[in-house]
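What follows is a short report on a single structure.
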Amino acid sequence: MSETVSVKIGKSKHSVPKGKSLFQFLSEQNWNKNPVAAKFNGQMVDLDVPLSQDAQIQLVYPGSEEALEILRHSAAHLLAHAVLTLFPETQIGVGPAVEDGFYYDFLRETPFSQDDLSDIEEKMRELSQEDIPIRKKVFSKDQAIRLFKEKGQQLKEELIQEKGPQSVTCYQQGDFIDFCLGPHVPSTGYVQHFKLLSVSGAYWKGEEGGKQLQRIYGTAFFTRKELKKHLVHLEEAKKRDHRKLGPQLDLFSFNEDLGAGLILWHPKGGRVRRIIEDYWREEHLKDGYEILYSPHIAKLDVWRRSGHTEFYEAMYPPILSEDVEYQLKPMNCPFHIMVYNSSQRSYRDLPFRWAELGTVYRYERSGVLHGLLRVRGFTQDDAHIFCRADQLEEEIKKAISLAMRVLNTFGFSDFDIFLSTRPEKYVGKAEDWEKATQSLKKALLDKGLEYRIDEGEGVFYGPKIDIKIKDALKRSWQCTTIQLDFNLAERFDITYVGEDGNFHRPFLIHRALLGSMERFFGILIEHYKGSFPVWLAPVQIMIVPIADRHNDYAHTLDQKFKENKLRSCVDARREKVGYKIRDAETKKTPLILIVGDKEVKEGSASLRIHTQGDKGEVQVEDFLEKLLEIVKNRDMSVNLEEVYHQKT
RNA sequence: GCCAGUGUAGCUCAGGGGUAGAGCAACUGAUUCGUAAUCAGUAGGUCGGGGGUUCGAAUCCCCCUGCUGGCUCCA
């Protein structure tokens, strides 16, 4: 008589012969859905787990995040399997599932080419069709080391040596075996809808100076449809690429002769930037900020004192002037602190809120430069707040509100907020850290904002709040940061005279809302796909006269708009209307006004809205009034429909 | 910085040892036109820069530079 165990799968109870694998049991039951793994008393396991004890089992089905991660992990194994089949001399590194797919690192004398990639993908498909069972194997550490040594897999050998426990789990599919914790899908046939995307370099164990490996990236899904959707999404992202749209829309450019990471803002980009800056200033003044200006260089000693020479790598070498070394500024902080220290401050003066659009220069290594998002010269929307302990919480709240208000206006309403707390190595007093961290938490709580705590992940000089915004494609971008700085406060010995007549150290809050003008502009371009809302668009209205005889009227309208501080333009070229409209549409002009005989006679214009098409005739005064309202309110939508009733 | 790929007209791309090509854009002319491309013509390039191999280099090799995908970095 064989022993049985009692297992509860979901809500149904079963009595099963002890030791039978879950997979086998499910097959016998003709389980109609296709799980990929299971949770055995809460622990994630493979489906072929032996049912050796009474257990509560939850099956993991496609559709869940966990299942997708398992699938992708198995896809990574399939990739390595294919690579070793085609190129047996290759050594395999590590191959995890990542955010949008998976990768596997390989060590090989000749790097993989694009052609290799399609061969590998082809081989993966073959192996998938063979539907090879994936089995978990447990070895002793010594056995495992010997096994991989025999296979010439030194990287794996090294990994097991370093990380392997006494009993080492491996996964085998056919003649491919990998050191891995799992779990995995039951067989290679589960991995069907995948695509290899790119090859790149990667360092062994992520250590710079370590061995250079070849990393192959891919993605995998449970259905063809999902895979297709993801690939379309990638295409969509490409179409929004600000590096493409920027020069196309004549917003900015780079120039090889000028140098890498240095931006040329064109007139149209300059317009948008000015509008952003004007708005930025307006909001800051509302919140009691003062605007500062500071130089682009300072004596090297300033940066020695601030600690930047010591902690900060990304500085350009000093410039020598009359035997004194000067340094191009990578930060604005010391300047603001010097303004603070320019006179004795009283507790009555605080808080100070000082903001500056400060242009800084950082030596970013060539390989990290990326469009407007990572450059060598950029303008931070910086500010420093000096306040007393009793003002701290209020000041943080104000800064958060300002950030939210500004970001909302630009059309961002989806945020990820992070609070980083004290790391092991830190400067300043522990009690100040505690006080500051509590204030940050309280401020977030008060604002009703959800946030995640990165325990011990703070920078050495103070706790901070980071706000990441999500754009139209749900991609996350770091913009706002609100940081306490105990380091500079001490190094520059900032003080105020308190009510008690003694010197006290104020809290120093460092904060940026948009991050940098360049970066934020890049994000905006991608968010809006180059089609800016009316209040931001470099050209808001394109006036299109149908024939030469309508040019005068077109110019009259143009003049009227300009007098109202609107950005309009007349396309008086001797081209057909269709041509001019197409041109304006390609340039993503939000509003197009067409004027012909009828409009001249009636003092009207025919309105066309970008991507929405013909909206019919409008009365100019009426249109102007409504447009001004939209611009004044900084209405994000280009859609005039709600405020504008289409004439029939 | 590292690994790999890549740079031909303003843009998109063809040409891969034997006189540099197309479409769009630009310019000129004709067309005066009603909601995403009118027609014809003209001009435009040290093929990213430098060096080498060769009778001859856009093409092959080396160095530099920019860009792209990653890695590392982003106190």
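Just so we're on the same page: first chain in the structure tokens is A, next is B, and so on; residues restart at 1 for each chain, and ligands are numbered from 1 in the order they show up.
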
Among region 33-157 of chain A, which ones does DSSP place in strand (DSSP E), written as a JSON list (two decimals) with N, CA and C atoms, in the first residue's frame?
[["chain", "number", "residue", "atom", "x", "y", "z"],
["A", 37, "ALA", "N", 4.48, 27.21, -13.44],
["A", 37, "ALA", "CA", 5.21, 26.91, -12.20],
["A", 37, "ALA", "C", 4.18, 26.85, -11.09],
["A", 38, "ALA", "N", 4.66, 26.69, -9.88],
["A", 38, "ALA", "CA", 3.72, 26.59, -8.77],
["A", 38, "ALA", "C", 4.32, 27.19, -7.51],
["A", 39, "LYS", "N", 3.43, 27.55, -6.60],
["A", 39, "LYS", "CA", 3.91, 27.96, -5.28],
["A", 39, "LYS", "C", 3.57, 26.82, -4.33],
["A", 40, "PHE", "N", 4.60, 26.23, -3.75],
["A", 40, "PHE", "CA", 4.47, 25.08, -2.88],
["A", 40, "PHE", "C", 4.60, 25.60, -1.46],
["A", 43, "GLN", "N", 6.25, 28.79, -1.56],
["A", 43, "GLN", "CA", 7.56, 28.93, -2.20],
["A", 43, "GLN", "C", 7.47, 28.59, -3.68],
["A", 44, "MET", "N", 8.09, 29.44, -4.50],
["A", 44, "MET", "CA", 8.02, 29.26, -5.94],
["A", 44, "MET", "C", 8.85, 28.04, -6.36],
["A", 45, "VAL", "N", 8.21, 27.09, -7.03],
["A", 45, "VAL", "CA", 8.92, 25.88, -7.47],
["A", 45, "VAL", "C", 8.53, 25.51, -8.89],
["A", 55, "ALA", "N", 0.54, 19.70, 1.32],
["A", 55, "ALA", "CA", 0.92, 21.06, 0.92],
["A", 55, "ALA", "C", -0.25, 21.85, 0.35],
["A", 56, "GLN", "N", -0.10, 23.13, 0.46],
["A", 56, "GLN", "CA", -1.02, 24.06, -0.19],
["A", 56, "GLN", "C", -0.32, 24.52, -1.45],
["A", 57, "ILE", "N", -0.96, 24.31, -2.58],
["A", 57, "ILE", "CA", -0.31, 24.65, -3.84],
["A", 57, "ILE", "C", -1.11, 25.68, -4.62],
["A", 58, "GLN", "N", -0.37, 26.67, -5.10],
["A", 58, "GLN", "CA", -1.00, 27.65, -5.99],
["A", 58, "GLN", "C", -0.31, 27.56, -7.32],
["A", 59, "LEU", "N", -1.07, 27.38, -8.36],
["A", 59, "LEU", "CA", -0.45, 27.28, -9.68],
["A", 59, "LEU", "C", -0.21, 28.67, -10.24],
["A", 60, "VAL", "N", 0.91, 28.80, -10.92],
["A", 60, "VAL", "CA", 1.24, 30.09, -11.52],
["A", 60, "VAL", "C", 0.94, 30.03, -13.02],
["A", 91, "GLN", "N", 31.89, 30.40, -23.58],
["A", 91, "GLN", "CA", 31.63, 30.24, -22.14],
["A", 91, "GLN", "C", 30.40, 31.05, -21.77],
["A", 92, "ILE", "N", 29.59, 30.49, -20.89],
["A", 92, "ILE", "CA", 28.39, 31.22, -20.52],
["A", 92, "ILE", "C", 28.55, 31.90, -19.17],
["A", 97, "ALA", "N", 16.15, 37.23, -16.26],
["A", 97, "ALA", "CA", 15.04, 37.97, -16.85],
["A", 97, "ALA", "C", 15.21, 39.41, -16.39],
["A", 98, "VAL", "N", 14.94, 40.35, -17.27],
["A", 98, "VAL", "CA", 14.98, 41.76, -16.87],
["A", 98, "VAL", "C", 13.66, 42.42, -17.21],
["A", 101, "GLY", "N", 12.44, 41.86, -20.82],
["A", 101, "GLY", "CA", 12.82, 40.66, -21.52],
["A", 101, "GLY", "C", 13.86, 39.88, -20.76],
["A", 102, "PHE", "N", 14.97, 39.59, -21.42],
["A", 102, "PHE", "CA", 16.01, 38.81, -20.78],
["A", 102, "PHE", "C", 17.33, 39.05, -21.49],
["A", 103, "TYR", "N", 18.41, 38.62, -20.88],
["A", 103, "TYR", "CA", 19.68, 38.63, -21.59],
["A", 103, "TYR", "C", 20.52, 37.47, -21.13],
["A", 104, "TYR", "N", 21.58, 37.20, -21.87],
["A", 104, "TYR", "CA", 22.56, 36.22, -21.41],
["A", 104, "TYR", "C", 23.93, 36.74, -21.81],
["A", 105, "ASP", "N", 24.89, 36.61, -20.88],
["A", 105, "ASP", "CA", 26.26, 37.06, -21.14],
["A", 105, "ASP", "C", 27.14, 35.89, -21.56],
["A", 106, "PHE", "N", 27.94, 36.14, -22.60],
["A", 106, "PHE", "CA", 28.83, 35.09, -23.10],
["A", 106, "PHE", "C", 30.26, 35.60, -23.20],
["A", 107, "LEU", "N", 31.20, 34.65, -23.01],
["A", 107, "LEU", "CA", 32.60, 34.99, -23.23],
["A", 107, "LEU", "C", 33.05, 34.24, -24.48],
["A", 135, "ARG", "N", 14.76, 19.97, -16.59],
["A", 135, "ARG", "CA", 14.79, 19.26, -15.32],
["A", 135, "ARG", "C", 15.74, 19.88, -14.33],
["A", 136, "LYS", "N", 15.28, 19.92, -13.09],
["A", 136, "LYS", "CA", 16.13, 20.43, -12.01],
["A", 136, "LYS", "C", 17.03, 19.30, -11.52],
["A", 137, "LYS", "N", 18.32, 19.61, -11.29],
["A", 137, "LYS", "CA", 19.26, 18.60, -10.78],
["A", 137, "LYS", "C", 19.98, 19.22, -9.59],
["A", 138, "VAL", "N", 20.19, 18.39, -8.59],
["A", 138, "VAL", "CA", 20.91, 18.90, -7.43],
["A", 138, "VAL", "C", 22.23, 18.14, -7.28],
["A", 139, "PHE", "N", 23.30, 18.90, -7.17],
["A", 139, "PHE", "CA", 24.63, 18.32, -7.01],
["A", 139, "PHE", "C", 25.26, 18.85, -5.73],
["A", 140, "SER", "N", 26.30, 18.14, -5.30],
["A", 140, "SER", "CA", 27.10, 18.71, -4.23],
["A", 140, "SER", "C", 27.95, 19.79, -4.88]]

Set the cut-off to 6 Å and count only C-alpha atoms (C1' of nucleotides): what are the residues of chain A that reach chain B? Output as a short mmCIF file (atom, residue, chain, number, x, y, z; two decimals) with C-alpha atoms, in the first residue's frame.
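The resulting result33.cif:
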data_model
loop_
_atom_site.label_atom_id
_atom_site.label_comp_id
_atom_site.auth_asym_id
_atom_site.auth_seq_id
_atom_site.Cartn_x
_atom_site.Cartn_y
_atom_site.Cartn_z
CA SER A 200 26.37 44.62 -26.60
CA GLY A 201 29.34 44.50 -24.33
CA ALA A 202 29.08 43.86 -20.61
CA TYR A 203 31.61 43.44 -17.84
CA GLU A 208 34.79 47.76 -14.84
CA GLU A 256 30.75 67.17 -34.52
CA PHE A 311 33.99 63.02 -4.28
CA TYR A 312 33.08 64.06 -7.74
CA ALA A 547 -3.82 82.65 -53.46
CA LYS A 576 -1.25 74.78 -53.44
CA TYR A 579 1.01 71.39 -50.01
CA ARG A 582 0.90 69.11 -45.37
#

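Summary of the local environment: counting only C-alpha atoms (C1' of nucleotides), residues at most 12 Å from G52 (chain B), other than itself and those fewer than 2 positions away along its chain, are B:G50, B:U54, B:A57, B:C60, B:C61, B:C62, B:C63.
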
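Omitting Leu444 (chain A) and its sequence neighbours fewer than 5 positions away, and counting only C-alpha atoms (C1' of nucleotides), the residues within 10 Å are Glu393, Ile396, Lys397, Ile400, Ser401, Ile417, Leu419, Gln438, Ser439, Leu449, Glu450, Tyr451 and Ile465 of chain A.
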
Take the residues just selected and output them with C-alpha atoms as a tab-separated table (two decimals), in the first residue's frame.
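Listing of again_6.tsv after writing:
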chain	number	residue	atom	x	y	z
A	393	GLU	CA	8.82	70.30	7.20
A	396	ILE	CA	9.78	70.46	2.09
A	397	LYS	CA	6.03	70.46	1.67
A	400	ILE	CA	6.90	69.13	-3.20
A	401	SER	CA	3.79	71.16	-4.00
A	417	ILE	CA	8.35	58.76	-5.54
A	419	LEU	CA	12.65	58.41	-0.21
A	438	GLN	CA	11.01	62.44	9.51
A	439	SER	CA	10.24	65.79	7.89
A	449	LEU	CA	1.60	60.88	-1.86
A	450	GLU	CA	2.56	57.26	-2.13
A	451	TYR	CA	6.26	56.60	-1.96
A	465	ILE	CA	13.16	62.57	-2.11

A43 (chain B) environment, 12 Å, only C-alpha atoms (C1' of nucleotides), sequence neighbours closer than 5 positions dropped, as a PyMOL selection string: chain B and resi 9+26-28

Residue set, region 108-198 of chain A restricted to alpha helix (DSSP H), as a ChimeraX atom specification: /A:114-129,141-150,154-163

Just write the chosen residues, N, CA, C and O atoms, as a compact mmCIF listing (two decimals), in the first residue's frame.
# COMPACT_ATOMS: atom_id res chain seq x y z
N GLN A 114 25.39 40.57 -36.18
CA GLN A 114 23.94 40.61 -36.38
C GLN A 114 23.46 39.32 -37.06
O GLN A 114 22.39 38.80 -36.75
N ASP A 115 24.30 38.79 -37.97
CA ASP A 115 23.94 37.54 -38.64
C ASP A 115 23.89 36.39 -37.66
O ASP A 115 23.01 35.53 -37.72
N ASP A 116 24.88 36.37 -36.75
CA ASP A 116 24.89 35.32 -35.73
C ASP A 116 23.57 35.33 -34.98
O ASP A 116 23.01 34.29 -34.65
N LEU A 117 23.09 36.55 -34.73
CA LEU A 117 21.87 36.71 -33.94
C LEU A 117 20.69 35.98 -34.60
O LEU A 117 19.94 35.28 -33.91
N SER A 118 20.56 36.13 -35.91
CA SER A 118 19.42 35.46 -36.55
C SER A 118 19.64 33.95 -36.60
O SER A 118 18.68 33.18 -36.50
N ASP A 119 20.91 33.52 -36.72
CA ASP A 119 21.18 32.07 -36.66
C ASP A 119 20.81 31.52 -35.29
O ASP A 119 20.21 30.45 -35.18
N ILE A 120 21.19 32.27 -34.26
CA ILE A 120 20.91 31.83 -32.90
C ILE A 120 19.40 31.75 -32.67
O ILE A 120 18.89 30.79 -32.11
N GLU A 121 18.72 32.79 -33.16
CA GLU A 121 17.26 32.81 -32.99
C GLU A 121 16.63 31.60 -33.69
O GLU A 121 15.74 30.95 -33.15
N GLU A 122 17.16 31.30 -34.86
CA GLU A 122 16.67 30.15 -35.63
C GLU A 122 16.86 28.86 -34.82
O GLU A 122 15.95 28.03 -34.69
N LYS A 123 18.05 28.72 -34.25
CA LYS A 123 18.37 27.54 -33.45
C LYS A 123 17.45 27.46 -32.23
O LYS A 123 16.98 26.38 -31.86
N MET A 124 17.18 28.62 -31.65
CA MET A 124 16.27 28.64 -30.49
C MET A 124 14.90 28.09 -30.87
O MET A 124 14.28 27.35 -30.11
N ARG A 125 14.43 28.48 -32.05
CA ARG A 125 13.13 28.01 -32.50
C ARG A 125 13.13 26.48 -32.66
O ARG A 125 12.17 25.81 -32.28
N GLU A 126 14.23 25.98 -33.23
CA GLU A 126 14.34 24.52 -33.38
C GLU A 126 14.26 23.84 -32.02
O GLU A 126 13.50 22.89 -31.83
N LEU A 127 15.06 24.34 -31.08
CA LEU A 127 15.09 23.73 -29.75
C LEU A 127 13.74 23.84 -29.06
O LEU A 127 13.34 22.96 -28.30
N SER A 128 13.04 24.93 -29.33
CA SER A 128 11.72 25.11 -28.75
C SER A 128 10.77 24.07 -29.32
O SER A 128 9.98 23.46 -28.60
N GLN A 129 10.87 23.85 -30.65
CA GLN A 129 9.97 22.89 -31.29
C GLN A 129 10.21 21.47 -30.81
O GLN A 129 9.29 20.66 -30.76
N LYS A 141 28.42 20.71 -4.07
CA LYS A 141 29.20 21.82 -4.62
C LYS A 141 30.39 21.29 -5.43
O LYS A 141 30.65 21.75 -6.54
N ASP A 142 31.10 20.30 -4.86
CA ASP A 142 32.28 19.75 -5.54
C ASP A 142 31.91 19.13 -6.88
O ASP A 142 32.57 19.34 -7.88
N GLN A 143 30.83 18.35 -6.84
CA GLN A 143 30.36 17.70 -8.07
C GLN A 143 30.07 18.74 -9.14
O GLN A 143 30.48 18.59 -10.30
N ALA A 144 29.35 19.79 -8.73
CA ALA A 144 28.95 20.83 -9.68
C ALA A 144 30.18 21.51 -10.27
O ALA A 144 30.25 21.73 -11.48
N ILE A 145 31.14 21.81 -9.40
CA ILE A 145 32.35 22.46 -9.89
C ILE A 145 33.05 21.58 -10.91
O ILE A 145 33.48 22.04 -11.97
N ARG A 146 33.13 20.28 -10.58
CA ARG A 146 33.79 19.34 -11.48
C ARG A 146 33.05 19.28 -12.82
O ARG A 146 33.65 19.31 -13.89
N LEU A 147 31.72 19.23 -12.72
CA LEU A 147 30.89 19.15 -13.92
C LEU A 147 31.16 20.30 -14.89
O LEU A 147 31.39 20.10 -16.08
N PHE A 148 31.16 21.53 -14.36
CA PHE A 148 31.34 22.68 -15.24
C PHE A 148 32.79 22.81 -15.70
O PHE A 148 33.06 23.30 -16.79
N LYS A 149 33.70 22.32 -14.86
CA LYS A 149 35.11 22.32 -15.24
C LYS A 149 35.31 21.42 -16.46
O LYS A 149 35.95 21.80 -17.44
N GLU A 150 34.70 20.25 -16.38
CA GLU A 150 34.79 19.30 -17.50
C GLU A 150 34.24 19.89 -18.78
O GLU A 150 34.72 19.63 -19.87
N GLN A 154 34.47 27.82 -17.35
CA GLN A 154 35.19 28.37 -16.20
C GLN A 154 34.43 29.47 -15.47
O GLN A 154 34.55 29.64 -14.28
N LEU A 155 33.65 30.25 -16.23
CA LEU A 155 32.90 31.32 -15.58
C LEU A 155 31.91 30.75 -14.58
O LEU A 155 31.77 31.23 -13.46
N LYS A 156 31.23 29.70 -15.00
CA LYS A 156 30.26 29.04 -14.13
C LYS A 156 30.96 28.45 -12.91
O LYS A 156 30.48 28.55 -11.79
N GLU A 157 32.11 27.82 -13.19
CA GLU A 157 32.90 27.22 -12.13
C GLU A 157 33.20 28.29 -11.07
O GLU A 157 33.02 28.07 -9.87
N GLU A 158 33.62 29.45 -11.57
CA GLU A 158 33.96 30.56 -10.68
C GLU A 158 32.74 31.00 -9.86
O GLU A 158 32.83 31.23 -8.65
N LEU A 159 31.61 31.07 -10.54
CA LEU A 159 30.38 31.50 -9.87
C LEU A 159 29.98 30.54 -8.75
O LEU A 159 29.62 30.96 -7.66
N ILE A 160 30.03 29.25 -9.07
CA ILE A 160 29.63 28.25 -8.07
C ILE A 160 30.60 28.29 -6.90
O ILE A 160 30.19 28.25 -5.74
N GLN A 161 31.86 28.40 -7.24
CA GLN A 161 32.89 28.50 -6.21
C GLN A 161 32.55 29.64 -5.24
O GLN A 161 32.63 29.48 -4.02
N GLU A 162 32.14 30.78 -5.82
CA GLU A 162 31.89 31.97 -4.99
C GLU A 162 30.54 31.97 -4.32
O GLU A 162 30.40 32.34 -3.16
N LYS A 163 29.52 31.59 -5.09
CA LYS A 163 28.16 31.79 -4.58
C LYS A 163 27.44 30.50 -4.23
O LYS A 163 26.40 30.54 -3.57

Shell around Gly63 (chain A) at 10 Å using only C-alpha atoms (C1' of nucleotides), local window under 6 positions removed, as an MDAnalysis selection string: chainID A and resid 221:223

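Minimum atom-to-atom distances from A:Lys464, A:Lys598, A:Lys268, A:Lys441 to Glu617 (chain A) were compared using only C-alpha atoms, and the lowest value belongs to A:Lys598.
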
Selection: 7 Å around region 379-388 of chain A, only C-alpha atoms (C1' of nucleotides), excl. self and same-chain fewer than 2 positions, as a ChimeraX atom specification: /A:350-360,390-392,506-518

Selection from above, N, CA, C and O atoms, as a JSON list (two decimals), in the first residue's frame, can you write it?
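Here's the written file out-v7.json:
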[["chain", "number", "residue", "atom", "x", "y", "z"],
["A", 350, "LEU", "N", 15.29, 83.81, 8.03],
["A", 350, "LEU", "CA", 15.03, 82.51, 7.39],
["A", 350, "LEU", "C", 13.54, 82.27, 7.22],
["A", 350, "LEU", "O", 12.75, 82.78, 8.02],
["A", 351, "PRO", "N", 13.10, 81.53, 6.27],
["A", 351, "PRO", "CA", 13.94, 80.82, 5.29],
["A", 351, "PRO", "C", 14.33, 81.70, 4.10],
["A", 351, "PRO", "O", 13.64, 82.67, 3.78],
["A", 352, "PHE", "N", 15.41, 81.33, 3.45],
["A", 352, "PHE", "CA", 15.77, 81.89, 2.15],
["A", 352, "PHE", "C", 15.47, 80.84, 1.10],
["A", 352, "PHE", "O", 15.82, 79.67, 1.29],
["A", 353, "ARG", "N", 14.83, 81.26, 0.03],
["A", 353, "ARG", "CA", 14.61, 80.33, -1.09],
["A", 353, "ARG", "C", 15.23, 80.98, -2.31],
["A", 353, "ARG", "O", 14.71, 81.98, -2.81],
["A", 354, "TRP", "N", 16.34, 80.42, -2.73],
["A", 354, "TRP", "CA", 17.08, 81.02, -3.84],
["A", 354, "TRP", "C", 17.18, 80.07, -5.02],
["A", 354, "TRP", "O", 17.71, 78.96, -4.88],
["A", 355, "ALA", "N", 16.71, 80.53, -6.14],
["A", 355, "ALA", "CA", 16.70, 79.67, -7.32],
["A", 355, "ALA", "C", 17.58, 80.25, -8.42],
["A", 355, "ALA", "O", 17.78, 81.46, -8.49],
["A", 356, "GLU", "N", 18.10, 79.38, -9.24],
["A", 356, "GLU", "CA", 18.90, 79.84, -10.38],
["A", 356, "GLU", "C", 18.79, 78.83, -11.51],
["A", 356, "GLU", "O", 18.83, 77.62, -11.27],
["A", 357, "LEU", "N", 18.68, 79.36, -12.73],
["A", 357, "LEU", "CA", 18.82, 78.49, -13.89],
["A", 357, "LEU", "C", 20.33, 78.49, -14.16],
["A", 357, "LEU", "O", 20.82, 79.34, -14.89],
["A", 358, "GLY", "N", 21.02, 77.60, -13.51],
["A", 358, "GLY", "CA", 22.47, 77.64, -13.51],
["A", 358, "GLY", "C", 23.09, 76.64, -14.47],
["A", 358, "GLY", "O", 22.85, 75.44, -14.37],
["A", 359, "THR", "N", 23.86, 77.16, -15.39],
["A", 359, "THR", "CA", 24.49, 76.28, -16.38],
["A", 359, "THR", "C", 25.77, 75.68, -15.83],
["A", 359, "THR", "O", 26.65, 76.40, -15.36],
["A", 360, "VAL", "N", 25.84, 74.37, -15.85],
["A", 360, "VAL", "CA", 27.02, 73.67, -15.32],
["A", 360, "VAL", "C", 27.64, 72.80, -16.40],
["A", 360, "VAL", "O", 27.00, 72.48, -17.40],
["A", 390, "ASP", "N", 12.58, 74.27, 12.72],
["A", 390, "ASP", "CA", 11.13, 74.34, 12.85],
["A", 390, "ASP", "C", 10.44, 74.68, 11.54],
["A", 390, "ASP", "O", 9.21, 74.65, 11.45],
["A", 391, "GLN", "N", 11.24, 75.05, 10.55],
["A", 391, "GLN", "CA", 10.64, 75.39, 9.25],
["A", 391, "GLN", "C", 10.80, 74.27, 8.23],
["A", 391, "GLN", "O", 10.21, 74.31, 7.15],
["A", 392, "LEU", "N", 11.60, 73.29, 8.61],
["A", 392, "LEU", "CA", 12.01, 72.26, 7.66],
["A", 392, "LEU", "C", 10.84, 71.58, 6.96],
["A", 392, "LEU", "O", 10.76, 71.53, 5.73],
["A", 506, "PRO", "N", 21.83, 76.32, 9.98],
["A", 506, "PRO", "CA", 20.53, 76.12, 9.32],
["A", 506, "PRO", "C", 20.54, 74.81, 8.54],
["A", 506, "PRO", "O", 21.59, 74.26, 8.25],
["A", 507, "PHE", "N", 19.36, 74.33, 8.21],
["A", 507, "PHE", "CA", 19.26, 73.19, 7.29],
["A", 507, "PHE", "C", 19.43, 73.73, 5.88],
["A", 507, "PHE", "O", 18.93, 74.81, 5.57],
["A", 508, "LEU", "N", 20.13, 72.97, 5.08],
["A", 508, "LEU", "CA", 20.30, 73.35, 3.67],
["A", 508, "LEU", "C", 19.58, 72.32, 2.81],
["A", 508, "LEU", "O", 19.89, 71.13, 2.85],
["A", 509, "ILE", "N", 18.59, 72.80, 2.06],
["A", 509, "ILE", "CA", 17.87, 71.91, 1.14],
["A", 509, "ILE", "C", 18.29, 72.27, -0.28],
["A", 509, "ILE", "O", 18.27, 73.43, -0.66],
["A", 510, "HIS", "N", 18.69, 71.24, -1.01],
["A", 510, "HIS", "CA", 19.07, 71.42, -2.39],
["A", 510, "HIS", "C", 17.94, 70.82, -3.21],
["A", 510, "HIS", "O", 17.49, 69.73, -2.91],
["A", 511, "ARG", "N", 17.50, 71.52, -4.24],
["A", 511, "ARG", "CA", 16.40, 70.93, -5.00],
["A", 511, "ARG", "C", 16.35, 71.37, -6.45],
["A", 511, "ARG", "O", 16.74, 72.48, -6.79],
["A", 512, "ALA", "N", 15.95, 70.46, -7.30],
["A", 512, "ALA", "CA", 15.72, 70.76, -8.71],
["A", 512, "ALA", "C", 14.35, 70.18, -9.04],
["A", 512, "ALA", "O", 13.99, 69.13, -8.53],
["A", 513, "LEU", "N", 13.58, 70.88, -9.86],
["A", 513, "LEU", "CA", 12.24, 70.38, -10.19],
["A", 513, "LEU", "C", 12.24, 69.64, -11.51],
["A", 513, "LEU", "O", 11.81, 68.51, -11.62],
["A", 514, "LEU", "N", 12.73, 70.33, -12.53],
["A", 514, "LEU", "CA", 12.72, 69.73, -13.87],
["A", 514, "LEU", "C", 14.00, 68.94, -14.09],
["A", 514, "LEU", "O", 14.07, 68.15, -15.03],
["A", 515, "GLY", "N", 14.99, 69.14, -13.24],
["A", 515, "GLY", "CA", 16.27, 68.47, -13.41],
["A", 515, "GLY", "C", 17.22, 69.39, -14.15],
["A", 515, "GLY", "O", 17.98, 70.13, -13.56],
["A", 516, "SER", "N", 17.11, 69.36, -15.46],
["A", 516, "SER", "CA", 17.82, 70.36, -16.27],
["A", 516, "SER", "C", 16.94, 70.72, -17.44],
["A", 516, "SER", "O", 16.07, 69.96, -17.84],
["A", 517, "MET", "N", 17.15, 71.91, -17.96],
["A", 517, "MET", "CA", 16.32, 72.39, -19.07],
["A", 517, "MET", "C", 16.47, 71.46, -20.28],
["A", 517, "MET", "O", 15.50, 71.15, -20.95],
["A", 518, "GLU", "N", 17.69, 71.02, -20.51],
["A", 518, "GLU", "CA", 17.98, 70.18, -21.67],
["A", 518, "GLU", "C", 17.25, 68.85, -21.56],
["A", 518, "GLU", "O", 16.54, 68.41, -22.45]]

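Ranking A:Thr421, A:Gln214, A:Ser531, A:Thr309 by their shortest atom-to-atom distance to Ile609 (chain A), with only C-alpha atoms included, puts A:Ser531 first.
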
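With only C-alpha atoms (C1' of nucleotides) as the atoms that count, the residue of B:G29, B:G7, B:G17, B:G23 with the shortest distance to U53 (chain B) is B:G17.
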